[in-house]
Each structure stands twice: as C-alpha cells, then as structure tokens.
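Listing of run21.cif, mmCIF, C-alpha atoms
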data_coords
loop_
_atom_site.label_atom_id
_atom_site.label_comp_id
_atom_site.auth_asym_id
_atom_site.auth_seq_id
_atom_site.Cartn_x
_atom_site.Cartn_y
_atom_site.Cartn_z
CA MET A 1073 -63.16 -15.31 -61.53
CA PHE A 1074 -61.81 -18.60 -60.19
CA GLN A 1075 -58.18 -18.88 -61.23
CA PHE A 1076 -57.88 -22.65 -61.60
CA ALA A 1077 -59.27 -24.93 -64.30
CA SER A 1078 -59.88 -27.93 -62.04
CA VAL A 1079 -59.76 -29.06 -58.42
CA SER A 1080 -56.46 -30.86 -58.96
CA ASP A 1081 -55.01 -27.68 -60.48
CA PHE A 1082 -56.19 -25.83 -57.40
CA LEU A 1083 -54.50 -28.36 -55.11
CA LEU A 1084 -51.25 -28.49 -57.10
CA MET A 1085 -50.93 -24.72 -57.67
CA ASP A 1086 -48.30 -25.28 -60.37
CA GLY A 1087 -46.00 -27.14 -58.03
CA HIS A 1088 -46.35 -24.65 -55.18
CA GLY A 1089 -49.31 -26.44 -53.64
CA LEU A 1090 -47.32 -28.14 -50.91
CA TYR A 1091 -45.89 -24.85 -49.63
CA VAL A 1092 -49.18 -22.96 -49.82
CA TRP A 1093 -51.32 -25.68 -48.24
CA ALA A 1094 -48.73 -26.41 -45.54
CA SER A 1095 -48.73 -22.72 -44.59
CA TYR A 1096 -52.51 -22.61 -44.31
CA ALA A 1097 -52.66 -25.90 -42.40
CA ILE A 1098 -50.04 -24.87 -39.84
CA THR A 1099 -51.78 -21.52 -39.36
CA LEU A 1100 -55.12 -23.22 -38.81
CA LEU A 1101 -53.63 -25.62 -36.24
CA ALA A 1102 -51.86 -22.83 -34.34
CA LEU A 1103 -54.95 -20.62 -34.24
CA VAL A 1104 -57.15 -23.49 -33.08
CA PHE A 1105 -54.63 -24.12 -30.30
CA LEU A 1106 -54.85 -20.45 -29.25
CA ALA A 1107 -58.64 -20.57 -29.29
CA ILE A 1108 -59.00 -23.84 -27.38
CA SER A 1109 -56.38 -23.69 -24.65
CA PRO A 1110 -58.09 -20.98 -22.51
CA SER A 1111 -61.32 -23.01 -22.71
CA ILE A 1112 -59.53 -26.12 -21.44
CA GLN A 1113 -57.94 -24.05 -18.67
CA GLN A 1114 -61.33 -22.58 -17.73
CA ARG A 1115 -63.02 -25.96 -17.61
CA ALA A 1116 -60.26 -27.46 -15.45
CA PHE A 1117 -60.53 -24.47 -13.11
CA ILE A 1118 -64.30 -24.83 -12.71
CA ILE A 1119 -64.05 -28.59 -12.03
CA GLN A 1120 -61.33 -27.99 -9.45
CA GLN A 1121 -63.32 -25.18 -7.76
CA LYS A 1122 -66.46 -27.31 -7.58
CA ARG A 1123 -64.51 -30.11 -5.95
CA GLN A 1124 -63.08 -27.67 -3.43
CA GLN A 1125 -66.54 -26.29 -2.62
CA ARG A 1126 -67.80 -29.82 -2.00
CA ILE A 1127 -64.90 -30.52 0.38
CA GLU A 1128 -65.61 -27.30 2.27
CA GLU A 1129 -69.30 -28.13 2.54
CA GLY A 1130 -68.39 -31.57 3.83
CA GLN A 1131 -66.14 -30.09 6.51
CA ASN A 1132 -68.88 -27.66 7.58
CA GLN A 1133 -71.32 -30.56 7.80
CA GLN A 1134 -68.92 -32.51 10.04
CA ARG A 1135 -68.59 -29.50 12.32
CA VAL A 1136 -72.38 -29.27 12.62
CA ASP A 1137 -72.62 -33.02 13.32
CA SER A 1138 -70.03 -33.15 16.09
CA MET B 93 -62.57 14.32 -19.97
CA ASN B 94 -64.61 11.54 -18.48
CA TRP B 95 -62.34 8.80 -17.18
CA GLN B 96 -65.07 6.51 -15.96
CA TRP B 97 -64.55 3.99 -18.76
CA PHE B 98 -60.89 3.66 -17.75
CA HIS B 99 -61.81 2.78 -14.17
CA ARG B 100 -64.49 0.37 -15.32
CA LEU B 101 -61.96 -1.31 -17.58
CA GLY B 102 -59.90 -1.87 -14.45
CA SER B 103 -62.64 -4.02 -12.96
CA PRO B 104 -62.20 -7.71 -13.81
CA ARG B 105 -65.88 -8.41 -13.19
CA TRP B 106 -67.05 -5.65 -15.53
CA PHE B 107 -64.65 -6.90 -18.23
CA TYR B 108 -65.78 -10.51 -17.81
CA GLU B 109 -69.48 -9.67 -18.02
CA LYS B 110 -69.18 -7.27 -20.96
CA THR B 111 -67.00 -9.57 -23.05
CA SER B 112 -69.48 -12.41 -22.52
CA ARG B 113 -71.88 -10.36 -24.59
CA TRP B 114 -69.38 -9.01 -27.15
CA MET B 115 -67.45 -12.15 -27.97
CA PRO B 116 -70.05 -14.12 -29.99
CA TRP B 117 -70.63 -11.10 -32.25
CA LEU B 118 -66.95 -10.43 -32.65
CA LEU B 119 -66.28 -14.07 -33.46
CA SER B 120 -68.96 -14.28 -36.16
CA VAL B 121 -67.74 -11.11 -37.91
CA THR B 122 -64.14 -12.37 -37.65
CA LEU B 123 -64.90 -15.82 -39.07
CA LEU B 124 -66.85 -14.26 -41.93
CA LEU B 125 -63.93 -11.95 -42.79
CA LEU B 126 -61.43 -14.81 -42.61
CA ALA B 127 -63.57 -17.12 -44.73
CA VAL B 128 -64.04 -14.47 -47.42
CA GLY B 129 -60.33 -13.56 -47.31
CA VAL B 130 -59.08 -17.15 -47.54
CA VAL B 131 -61.35 -18.12 -50.44
CA TRP B 132 -60.62 -14.88 -52.28
CA GLY B 133 -56.87 -15.10 -51.70
CA LEU B 134 -56.48 -18.79 -52.52
CA GLY B 135 -58.87 -19.10 -55.44
CA TYR B 136 -59.83 -15.76 -56.94
CA ALA B 137 -56.89 -13.37 -56.64
CA PRO B 138 -54.77 -13.45 -59.81
CA MET B 139 -51.48 -15.37 -59.93
CA ASP B 140 -48.31 -13.36 -59.39
CA SER B 141 -46.36 -13.00 -62.63
CA LYS B 142 -42.95 -13.47 -60.95
CA GLN B 143 -43.62 -15.72 -57.97
CA GLY B 144 -46.47 -17.86 -59.32
CA ASN B 145 -48.91 -19.28 -56.81
CA SER B 146 -46.51 -19.38 -53.86
CA TYR B 147 -47.30 -15.72 -53.24
CA ARG B 148 -50.74 -16.79 -51.94
CA ILE B 149 -48.98 -17.38 -48.63
CA ILE B 150 -48.98 -13.57 -48.30
CA TYR B 151 -52.62 -13.76 -47.15
CA ILE B 152 -51.57 -15.31 -43.87
CA HIS B 153 -47.92 -14.29 -43.66
CA VAL B 154 -48.51 -10.52 -43.68
CA PRO B 155 -51.55 -10.47 -41.34
CA ALA B 156 -49.72 -12.76 -38.87
CA ALA B 157 -46.65 -10.51 -38.93
CA PHE B 158 -48.83 -7.38 -38.56
CA LEU B 159 -50.53 -8.74 -35.47
CA ALA B 160 -47.28 -10.10 -34.05
CA LEU B 161 -46.06 -6.48 -34.00
CA ALA B 162 -49.36 -4.90 -32.95
CA GLY B 163 -49.56 -7.51 -30.19
CA TYR B 164 -46.21 -6.39 -28.89
CA TYR B 165 -47.53 -2.83 -28.56
CA VAL B 166 -50.53 -4.16 -26.66
CA MET B 167 -48.28 -6.10 -24.31
CA ALA B 168 -45.77 -3.29 -23.73
CA ILE B 169 -48.43 -0.58 -23.25
CA ALA B 170 -50.39 -2.84 -20.88
CA GLY B 171 -47.17 -3.43 -18.93
CA ALA B 172 -46.47 0.31 -18.76
CA VAL B 173 -50.01 1.08 -17.56
CA GLY B 174 -49.59 -1.64 -14.96
CA ILE B 175 -46.37 -0.11 -13.63
CA ILE B 176 -47.63 3.49 -13.64
CA TRP B 177 -51.14 3.03 -12.24
CA GLN B 178 -50.66 -0.30 -10.42
CA MET B 179 -53.60 -1.67 -12.33
CA LYS B 180 -54.21 -5.39 -11.89
CA MET B 181 -56.25 -5.80 -15.07
CA SER B 182 -53.52 -4.22 -17.12
CA TYR B 183 -51.03 -6.86 -16.02
CA THR B 184 -53.62 -9.52 -16.86
CA VAL B 185 -53.77 -8.19 -20.42
CA MET B 186 -49.97 -8.15 -20.58
CA ARG B 187 -49.78 -11.79 -19.47
CA ALA B 188 -52.44 -12.86 -21.98
CA ALA B 189 -50.78 -11.02 -24.87
CA ALA B 190 -47.50 -12.95 -24.56
CA PRO B 191 -48.55 -16.44 -25.74
CA ILE B 192 -50.78 -15.04 -28.51
CA GLY B 193 -47.96 -12.84 -29.77
CA ALA B 194 -45.49 -15.71 -29.59
CA VAL B 195 -47.70 -17.97 -31.72
CA LEU B 196 -48.31 -15.21 -34.30
CA THR B 197 -44.58 -14.46 -34.55
CA PHE B 198 -43.90 -18.17 -34.95
CA LEU B 199 -46.50 -18.31 -37.74
CA ALA B 200 -44.95 -15.32 -39.52
CA LEU B 201 -41.56 -17.05 -39.43
CA VAL B 202 -42.82 -20.49 -40.50
CA THR B 203 -45.01 -19.21 -43.35
CA GLY B 204 -42.08 -16.99 -44.37
CA ALA B 205 -39.83 -20.04 -44.58
CA LEU B 206 -42.44 -21.94 -46.59
CA TRP B 207 -42.73 -18.97 -48.93
CA GLY B 208 -38.96 -18.49 -49.15
CA LYS B 209 -38.20 -22.04 -50.31
CA PRO B 210 -39.97 -21.86 -53.70
CA THR B 211 -39.28 -18.13 -54.16
CA TRP B 212 -35.72 -17.59 -52.97
CA GLY B 213 -34.61 -21.22 -53.03
CA THR B 214 -33.91 -21.29 -49.30
CA TRP B 215 -35.88 -21.82 -46.07
CA TRP B 216 -33.86 -19.42 -44.01
CA VAL B 217 -31.37 -16.58 -44.36
CA TRP B 218 -29.95 -14.26 -41.73
CA ASP B 219 -31.69 -11.34 -43.38
CA ALA B 220 -32.33 -8.23 -41.23
CA ARG B 221 -36.13 -8.55 -41.23
CA ILE B 222 -36.11 -12.26 -40.48
CA THR B 223 -33.48 -11.97 -37.75
CA SER B 224 -35.32 -9.13 -36.00
CA MET B 225 -38.54 -11.16 -36.14
CA LEU B 226 -36.67 -14.06 -34.53
CA ILE B 227 -35.60 -11.69 -31.75
CA LEU B 228 -39.26 -10.72 -31.34
CA LEU B 229 -40.13 -14.40 -30.87
CA PHE B 230 -37.41 -14.71 -28.20
CA LEU B 231 -38.76 -11.60 -26.44
CA TYR B 232 -42.24 -13.11 -26.28
CA LEU B 233 -40.85 -16.45 -25.06
CA GLY B 234 -38.63 -14.62 -22.55
CA ILE B 235 -41.65 -12.88 -21.06
CA ILE B 236 -43.56 -16.16 -20.76
CA ALA B 237 -40.55 -17.76 -19.07
CA LEU B 238 -39.97 -14.77 -16.78
CA GLN B 239 -43.61 -14.85 -15.68
CA GLY B 240 -43.14 -18.42 -14.53
CA ALA B 241 -39.79 -17.81 -12.87
CA TYR B 242 -41.07 -15.84 -9.88
CA GLN B 243 -42.97 -17.19 -6.89
CA GLN B 244 -44.81 -13.93 -6.34
CA GLN B 245 -46.98 -12.76 -9.17
CA ARG B 246 -46.55 -9.08 -8.32
CA THR B 247 -42.79 -9.30 -8.75
CA ALA B 248 -43.20 -11.32 -11.94
CA ASN B 249 -45.58 -8.74 -13.41
CA LYS B 250 -43.18 -5.89 -12.79
CA ALA B 251 -40.20 -7.76 -14.21
CA CYS B 252 -42.17 -8.74 -17.32
CA ALA B 253 -43.42 -5.20 -17.87
CA ILE B 254 -39.87 -3.86 -17.72
CA LEU B 255 -38.60 -6.53 -20.14
CA ALA B 256 -41.51 -5.77 -22.50
CA LEU B 257 -40.74 -2.04 -22.41
CA VAL B 258 -37.02 -2.57 -23.05
CA GLY B 259 -37.90 -4.89 -25.92
CA THR B 260 -39.85 -2.17 -27.76
CA VAL B 261 -36.47 -1.04 -29.12
CA ASN B 262 -36.78 -3.98 -31.50
CA ILE B 263 -40.08 -2.81 -33.03
CA PRO B 264 -38.86 0.15 -35.14
CA ILE B 265 -35.90 -2.01 -36.17
CA ILE B 266 -38.30 -4.62 -37.56
CA TYR B 267 -40.31 -1.98 -39.42
CA LYS B 268 -37.29 -0.26 -40.92
CA SER B 269 -35.13 -3.35 -41.48
CA VAL B 270 -36.24 -3.79 -45.09
CA ASP B 271 -35.21 -0.22 -45.92
CA TRP B 272 -32.03 0.04 -43.83
CA TRP B 273 -30.50 -3.24 -44.88
CA PHE B 274 -31.77 -4.12 -48.31
CA THR B 275 -31.01 -7.83 -48.31
CA LEU B 276 -33.40 -10.59 -49.30
CA HIS B 277 -36.77 -9.80 -47.77
CA GLN B 278 -38.90 -7.69 -50.09
CA PRO B 279 -39.84 -4.17 -48.92
CA ALA B 280 -43.36 -3.37 -47.76
CA THR B 281 -45.98 -3.69 -50.49
CA LEU B 282 -48.81 -2.01 -48.59
CA LYS B 283 -48.31 1.62 -47.73
CA LEU B 284 -50.47 4.02 -45.76
CA VAL B 285 -48.80 7.00 -47.40
CA GLY B 286 -48.12 6.95 -51.12
CA GLU B 287 -48.90 4.33 -53.69
CA SER B 288 -48.79 0.65 -52.81
CA SER B 289 -46.73 -1.59 -55.06
CA ILE B 290 -49.37 -4.31 -54.99
CA ASP B 291 -52.22 -4.51 -57.49
CA PRO B 292 -55.71 -3.80 -56.03
CA SER B 293 -56.95 -7.23 -57.16
CA MET B 294 -54.34 -8.77 -54.83
CA ALA B 295 -54.52 -6.06 -52.16
CA TYR B 296 -58.26 -6.25 -51.39
CA PRO B 297 -58.24 -9.85 -50.15
CA LEU B 298 -55.11 -8.98 -48.16
CA LEU B 299 -56.91 -6.08 -46.48
CA VAL B 300 -59.85 -8.38 -45.68
CA MET B 301 -57.45 -10.89 -44.11
CA ILE B 302 -55.70 -8.18 -42.07
CA ALA B 303 -59.09 -6.98 -40.77
CA GLY B 304 -60.00 -10.59 -39.98
CA PHE B 305 -56.73 -11.11 -38.08
CA TYR B 306 -57.34 -7.93 -36.06
CA GLY B 307 -60.76 -9.29 -35.11
CA LEU B 308 -59.31 -12.68 -34.29
CA TYR B 309 -56.57 -11.12 -32.17
CA SER B 310 -59.11 -9.11 -30.15
CA TRP B 311 -61.23 -12.19 -29.63
CA LEU B 312 -58.27 -14.33 -28.57
CA LEU B 313 -57.01 -11.65 -26.19
CA MET B 314 -60.43 -11.41 -24.49
CA HIS B 315 -60.60 -15.20 -24.28
CA TRP B 316 -57.15 -15.50 -22.64
CA VAL B 317 -57.80 -12.56 -20.30
CA ARG B 318 -61.09 -14.13 -19.16
CA ALA B 319 -59.45 -17.45 -18.32
CA ASP B 320 -56.81 -15.56 -16.34
CA ILE B 321 -59.44 -13.45 -14.51
CA LEU B 322 -61.32 -16.52 -13.28
CA GLN B 323 -58.17 -17.89 -11.66
CA SER B 324 -56.89 -14.67 -10.14
CA GLU B 325 -60.38 -13.70 -8.85
CA SER B 326 -61.25 -17.21 -7.63
CA LYS B 327 -61.81 -15.99 -4.06
CA THR B 328 -64.46 -13.42 -5.01
CA GLN B 329 -68.20 -14.02 -4.70
CA TRP B 330 -69.06 -13.39 -8.37
CA VAL B 331 -66.56 -16.01 -9.57
CA LYS B 332 -67.94 -18.50 -7.02
CA GLU B 333 -71.38 -17.89 -8.45
CA ILE B 334 -70.12 -18.58 -11.99
CA VAL B 335 -68.54 -21.83 -10.81
CA VAL B 336 -71.79 -23.03 -9.22
CA LYS B 337 -73.79 -22.39 -12.41
#
Any chance you could give the structure as structure tokens?
Amino acid sequence: MFQFASVSDFLLMDGHGLYVWASYAITLLALVFLAISPSIQQRAFIIQQKRQQRIEEGQNQQRVDS
Amino acid sequence: MNWQWFHRLGSPRWFYEKTSRWMPWLLSVTLLLLAVGVVWGLGYAPMDSKQGNSYRIIYIHVPAAFLALAGYYVMAIAGAVGIIWQMKMSYTVMRAAAPIGAVLTFLALVTGALWGKPTWGTWWVWDARITSMLILLFLYLGIIALQGAYQQQRTANKACAILALVGTVNIPIIYKSVDWWFTLHQPATLKLVGESSIDPSMAYPLLVMIAGFYGLYSWLLMHWVRADILQSESKTQWVKEIVVK
C-alpha cells in the first residue's frame, strides 16, 4: 500500500524530504556520470582514429602521385 | 578442469564482442530491478518507527556501500591475477574498477551524511565505520592517481596492483568496525547467518536494490573495460574495422 496520503506528503516526507530526495538525486547524477563518461571517451577515440586514418591515406596518396 | 574460458577471457577481442551482446540484456534487467526497488522503497515500504522517513535513504546507501566493498575485491583480485599471470585484460579490469569504486564509496559517504543529519543530528563523526570508508575512498583515489603518475603503463599497472593488494587490509576492518568499536554507526541489519534485525517489508525492497546495484556494477565495469580496450588495442586490425564502421 502507498504510504503517503498525497503527492505533497510524499515530497515532504514529514520534514525528511530534503535529505531523502537529495540522496536520490546525487546518486542518480553520479551513476549517470559513470554510465556516460566511457561513451564520451569511446566517441572521442573513434573520431580521432578516423582523422588519423584519413591523414595516413592522404600520405599514401601523395607517395603514389610523386 | 577445462581452463579454456579463462584464456578466452584474456582476449580483449573476445570480451569486446561478447559483451556487445550481453550488455543490452543486462541493462534492461538492471533498470527494471532499480525501478521496482526505488518505487517500493520510497513509496510502499512502511515508515520506520524510530527514524521516520529518513531511513528510506537505506535503499541507496547500503547497496552503494556493498558494491564499494565488492568493487574493491574485484580490483584487488584483478590486480593479483595481473601480477601472477601477466594478463593484460586483468589489468584493464583493475583500471576500470577504480573510478567506479571511487564513485560508489563517495555515494555511500554522502548518502550516509544526508542520513546522519536528521537521525543523529550531525553530518559527520569520526566513527570507525565512517573513517574506514573514507580510507577506502582514498585508496581508490590513490590508485587512480598512481595510474596516471607513470609514463609506462606496465610499471603503473604493477604499482597499482600492489597498492590494491596492500589496501585489502582495510576491507575486514570496514566489515568488523561496527562490532569492534560500537560508536555511532548502527550494526549490520541484514545478515546471511542468523536472523536479520530488519522487518521483511523493509528488507525485500532493499534486496531488490542490492541485486539492481550488482547488475549496474557489472554493466558499468564492462562499459569502462570496453572503452579502455579500444584505446589499448587501437593498433589491431579488429579495432580498426570497428572505427571504420
């Protein structure tokens, strides 16, 4: 059974709302950071590798041309 | 005994390809567990007769602390395997476990402080459990810093593995701190052996959250290891093929 009579009761939690909600919010932020940062790293790596491959191809092309 | 799985696990490519298939499943189960646990813990579990609603922080505080400790085992064992068998993948796991463990330890400390203020009337005390958790945070941060301090990764890996192994001394101290020095932190409410001092109506959502955090930890570890693999294997053909795609 739901423990609170209304939404505002649920948010206030008898005066403990700030502590409870702050804990959950900080946890959410920290976990999102952990989940996202390897993705950002991976994307940056792939962009950098693609650029490098293009440079190498360009150098090979020059060698063929000359 | 067949050791083939152990050798396969040592192959970065095998790990990368397998986890590509596992991770979406693992993530959906994990998110489901966490959603059920959060709603149950915040809205449906009964109020604590002594602490009121502030106790609802337990549903993230305890799982975060659990995984902060379990994560240390992962890191130290991975470091030991790396030293003994010179396994590259093992060091990769060790490196990935450090930032995840540091964040989880930080969360256990912060949610503990937020729980302590309305319950004990203070954000922080130099209680045995809290102090040993702070040392755990410094161990994790020390390993991250040590990893960055060396030019050569091989040297850095070895140094980190040794620091991680020495730091395991702290783990039993954390576990036993609430019994050895009975100060402010409450003793364990969930017990594997004997009767738990927490009512089932509060314990079930907690168990769901702990399961969810285990799932989340595994997913995060795979995710961090994969990002590391791409960089350290950047010269290999299979990574070049992934980049082109």
- Message: Please list as a list in words every residue within 10 Å of segment 1118-1121 of chain A, counting all atoms listed in the file and excluding residues in the same chain fewer than 5 positions away.
- Response: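 Contacts, in chain order: Gln1113, Arg1126 and Ile1127 of chain A; Leu322, Gln323, Ser326, Val331, Lys332, Ile334, Val335, Val336 and Lys337 of chain B.
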- Convert the output of the PyMOL selection byres ((chain B) within 10 of (chain A)) on the shown file into explicit residues, formatted as a PyMOL selection string. chain B and resi 130-132+134-139+143-153+156+188+191-192+195-196+198-200+202-211+308-309+311-313+315-323+326+331-332+334-337
- Note on the structure: Lys250 of chain B proximity check over B:Met314, B:Leu238, B:Leu126, B:Leu226, using all atoms listed in the file: winner is B:Leu238
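Straight-line separation from atom CA of Ile290 of chain B to atom CA of Ile227 of chain B: 28.0 Å.
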- Neighbourhood query: residues within 10 Å of (-31.2, -9.3, -38.6), file coordinates, counting all atoms listed in the file; return as a PyMOL selection string. chain B and resi 217-227+265-266+269-270+273+275
Around all the atoms of segment 93-104 of chain B listed in the file, draw an axis-aligned box and extend it by 6 Å on each of the six sides; I want its centre and edge lengths in Å to one decimal, as JSON.
{"center_x": -62.5, "center_y": 3.3, "center_z": -16.5, "size_x": 17.2, "size_y": 34.0, "size_z": 19.0}
- Message: What's the separation between atom CA of Val121 of chain B and atom CA of Ala194 of chain B, in Å to one decimal place?
- Response: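 That distance, rounded to one decimal, is 24.2 Å.
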- Task: Would you work out the distance separating atom CA of Thr247 of chain B from atom CA of Ala189 of chain B, expressed in Å to one decimal?
- Result: 18.1 Å
- Extract, using all atoms listed in the file, all DNA, RNA and protein residues at most 10 Å from Met186 of chain B, discarding same-chain residues fewer than 2 positions from it, and format them as an NGL selection string. :B and (163-174 or 181-184 or 188-191 or 235 or 249 or 252-253 or 256 or 313 or 317)
Can you sort out segment 121-135 of chain B so it carries N, CA, C and O atoms, written as a PDB file, in the coordinates of the input?
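Output file result26.pdb is given in full below:
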ATOM      1  N   VAL B 121     -68.273 -12.050 -36.910  1.00  0.00           N
ATOM      2  CA  VAL B 121     -67.740 -11.110 -37.910  1.00  0.00           C
ATOM      3  C   VAL B 121     -66.337 -11.554 -38.346  1.00  0.00           C
ATOM      4  O   VAL B 121     -66.014 -11.579 -39.542  1.00  0.00           O
ATOM      5  N   THR B 122     -65.516 -11.947 -37.362  1.00  0.00           N
ATOM      6  CA  THR B 122     -64.140 -12.370 -37.650  1.00  0.00           C
ATOM      7  C   THR B 122     -64.110 -13.579 -38.577  1.00  0.00           C
ATOM      8  O   THR B 122     -63.384 -13.590 -39.570  1.00  0.00           O
ATOM      9  N   LEU B 123     -64.922 -14.601 -38.256  1.00  0.00           N
ATOM     10  CA  LEU B 123     -64.900 -15.820 -39.070  1.00  0.00           C
ATOM     11  C   LEU B 123     -65.384 -15.533 -40.486  1.00  0.00           C
ATOM     12  O   LEU B 123     -64.857 -16.087 -41.445  1.00  0.00           O
ATOM     13  N   LEU B 124     -66.365 -14.634 -40.599  1.00  0.00           N
ATOM     14  CA  LEU B 124     -66.850 -14.260 -41.930  1.00  0.00           C
ATOM     15  C   LEU B 124     -65.725 -13.595 -42.738  1.00  0.00           C
ATOM     16  O   LEU B 124     -65.462 -13.973 -43.888  1.00  0.00           O
ATOM     17  N   LEU B 125     -65.038 -12.635 -42.110  1.00  0.00           N
ATOM     18  CA  LEU B 125     -63.930 -11.950 -42.790  1.00  0.00           C
ATOM     19  C   LEU B 125     -62.853 -12.947 -43.215  1.00  0.00           C
ATOM     20  O   LEU B 125     -62.360 -12.907 -44.340  1.00  0.00           O
ATOM     21  N   LEU B 126     -62.494 -13.858 -42.299  1.00  0.00           N
ATOM     22  CA  LEU B 126     -61.430 -14.810 -42.610  1.00  0.00           C
ATOM     23  C   LEU B 126     -61.849 -15.764 -43.726  1.00  0.00           C
ATOM     24  O   LEU B 126     -61.053 -16.075 -44.614  1.00  0.00           O
ATOM     25  N   ALA B 127     -63.107 -16.207 -43.689  1.00  0.00           N
ATOM     26  CA  ALA B 127     -63.570 -17.120 -44.730  1.00  0.00           C
ATOM     27  C   ALA B 127     -63.532 -16.441 -46.097  1.00  0.00           C
ATOM     28  O   ALA B 127     -63.021 -17.001 -47.070  1.00  0.00           O
ATOM     29  N   VAL B 128     -64.050 -15.206 -46.156  1.00  0.00           N
ATOM     30  CA  VAL B 128     -64.040 -14.470 -47.420  1.00  0.00           C
ATOM     31  C   VAL B 128     -62.589 -14.264 -47.887  1.00  0.00           C
ATOM     32  O   VAL B 128     -62.250 -14.513 -49.054  1.00  0.00           O
ATOM     33  N   GLY B 129     -61.722 -13.838 -46.957  1.00  0.00           N
ATOM     34  CA  GLY B 129     -60.330 -13.560 -47.310  1.00  0.00           C
ATOM     35  C   GLY B 129     -59.589 -14.785 -47.808  1.00  0.00           C
ATOM     36  O   GLY B 129     -58.854 -14.713 -48.796  1.00  0.00           O
ATOM     37  N   VAL B 130     -59.798 -15.930 -47.152  1.00  0.00           N
ATOM     38  CA  VAL B 130     -59.080 -17.150 -47.540  1.00  0.00           C
ATOM     39  C   VAL B 130     -59.531 -17.623 -48.923  1.00  0.00           C
ATOM     40  O   VAL B 130     -58.708 -17.922 -49.793  1.00  0.00           O
ATOM     41  N   VAL B 131     -60.848 -17.663 -49.150  1.00  0.00           N
ATOM     42  CA  VAL B 131     -61.350 -18.120 -50.440  1.00  0.00           C
ATOM     43  C   VAL B 131     -60.908 -17.177 -51.557  1.00  0.00           C
ATOM     44  O   VAL B 131     -60.428 -17.612 -52.608  1.00  0.00           O
ATOM     45  N   TRP B 132     -61.024 -15.894 -51.291  1.00  0.00           N
ATOM     46  CA  TRP B 132     -60.620 -14.880 -52.280  1.00  0.00           C
ATOM     47  C   TRP B 132     -59.119 -14.990 -52.569  1.00  0.00           C
ATOM     48  O   TRP B 132     -58.689 -15.036 -53.737  1.00  0.00           O
ATOM     49  N   GLY B 133     -58.321 -15.071 -51.529  1.00  0.00           N
ATOM     50  CA  GLY B 133     -56.870 -15.100 -51.700  1.00  0.00           C
ATOM     51  C   GLY B 133     -56.375 -16.374 -52.365  1.00  0.00           C
ATOM     52  O   GLY B 133     -55.488 -16.341 -53.210  1.00  0.00           O
ATOM     53  N   LEU B 134     -56.975 -17.512 -51.982  1.00  0.00           N
ATOM     54  CA  LEU B 134     -56.480 -18.790 -52.520  1.00  0.00           C
ATOM     55  C   LEU B 134     -57.010 -19.055 -53.925  1.00  0.00           C
ATOM     56  O   LEU B 134     -56.305 -19.613 -54.763  1.00  0.00           O
ATOM     57  N   GLY B 135     -58.267 -18.674 -54.184  1.00  0.00           N
ATOM     58  CA  GLY B 135     -58.870 -19.100 -55.440  1.00  0.00           C
ATOM     59  C   GLY B 135     -59.082 -18.004 -56.461  1.00  0.00           C
ATOM     60  O   GLY B 135     -58.996 -18.263 -57.663  1.00  0.00           O
TER      61      GLY B 135
END
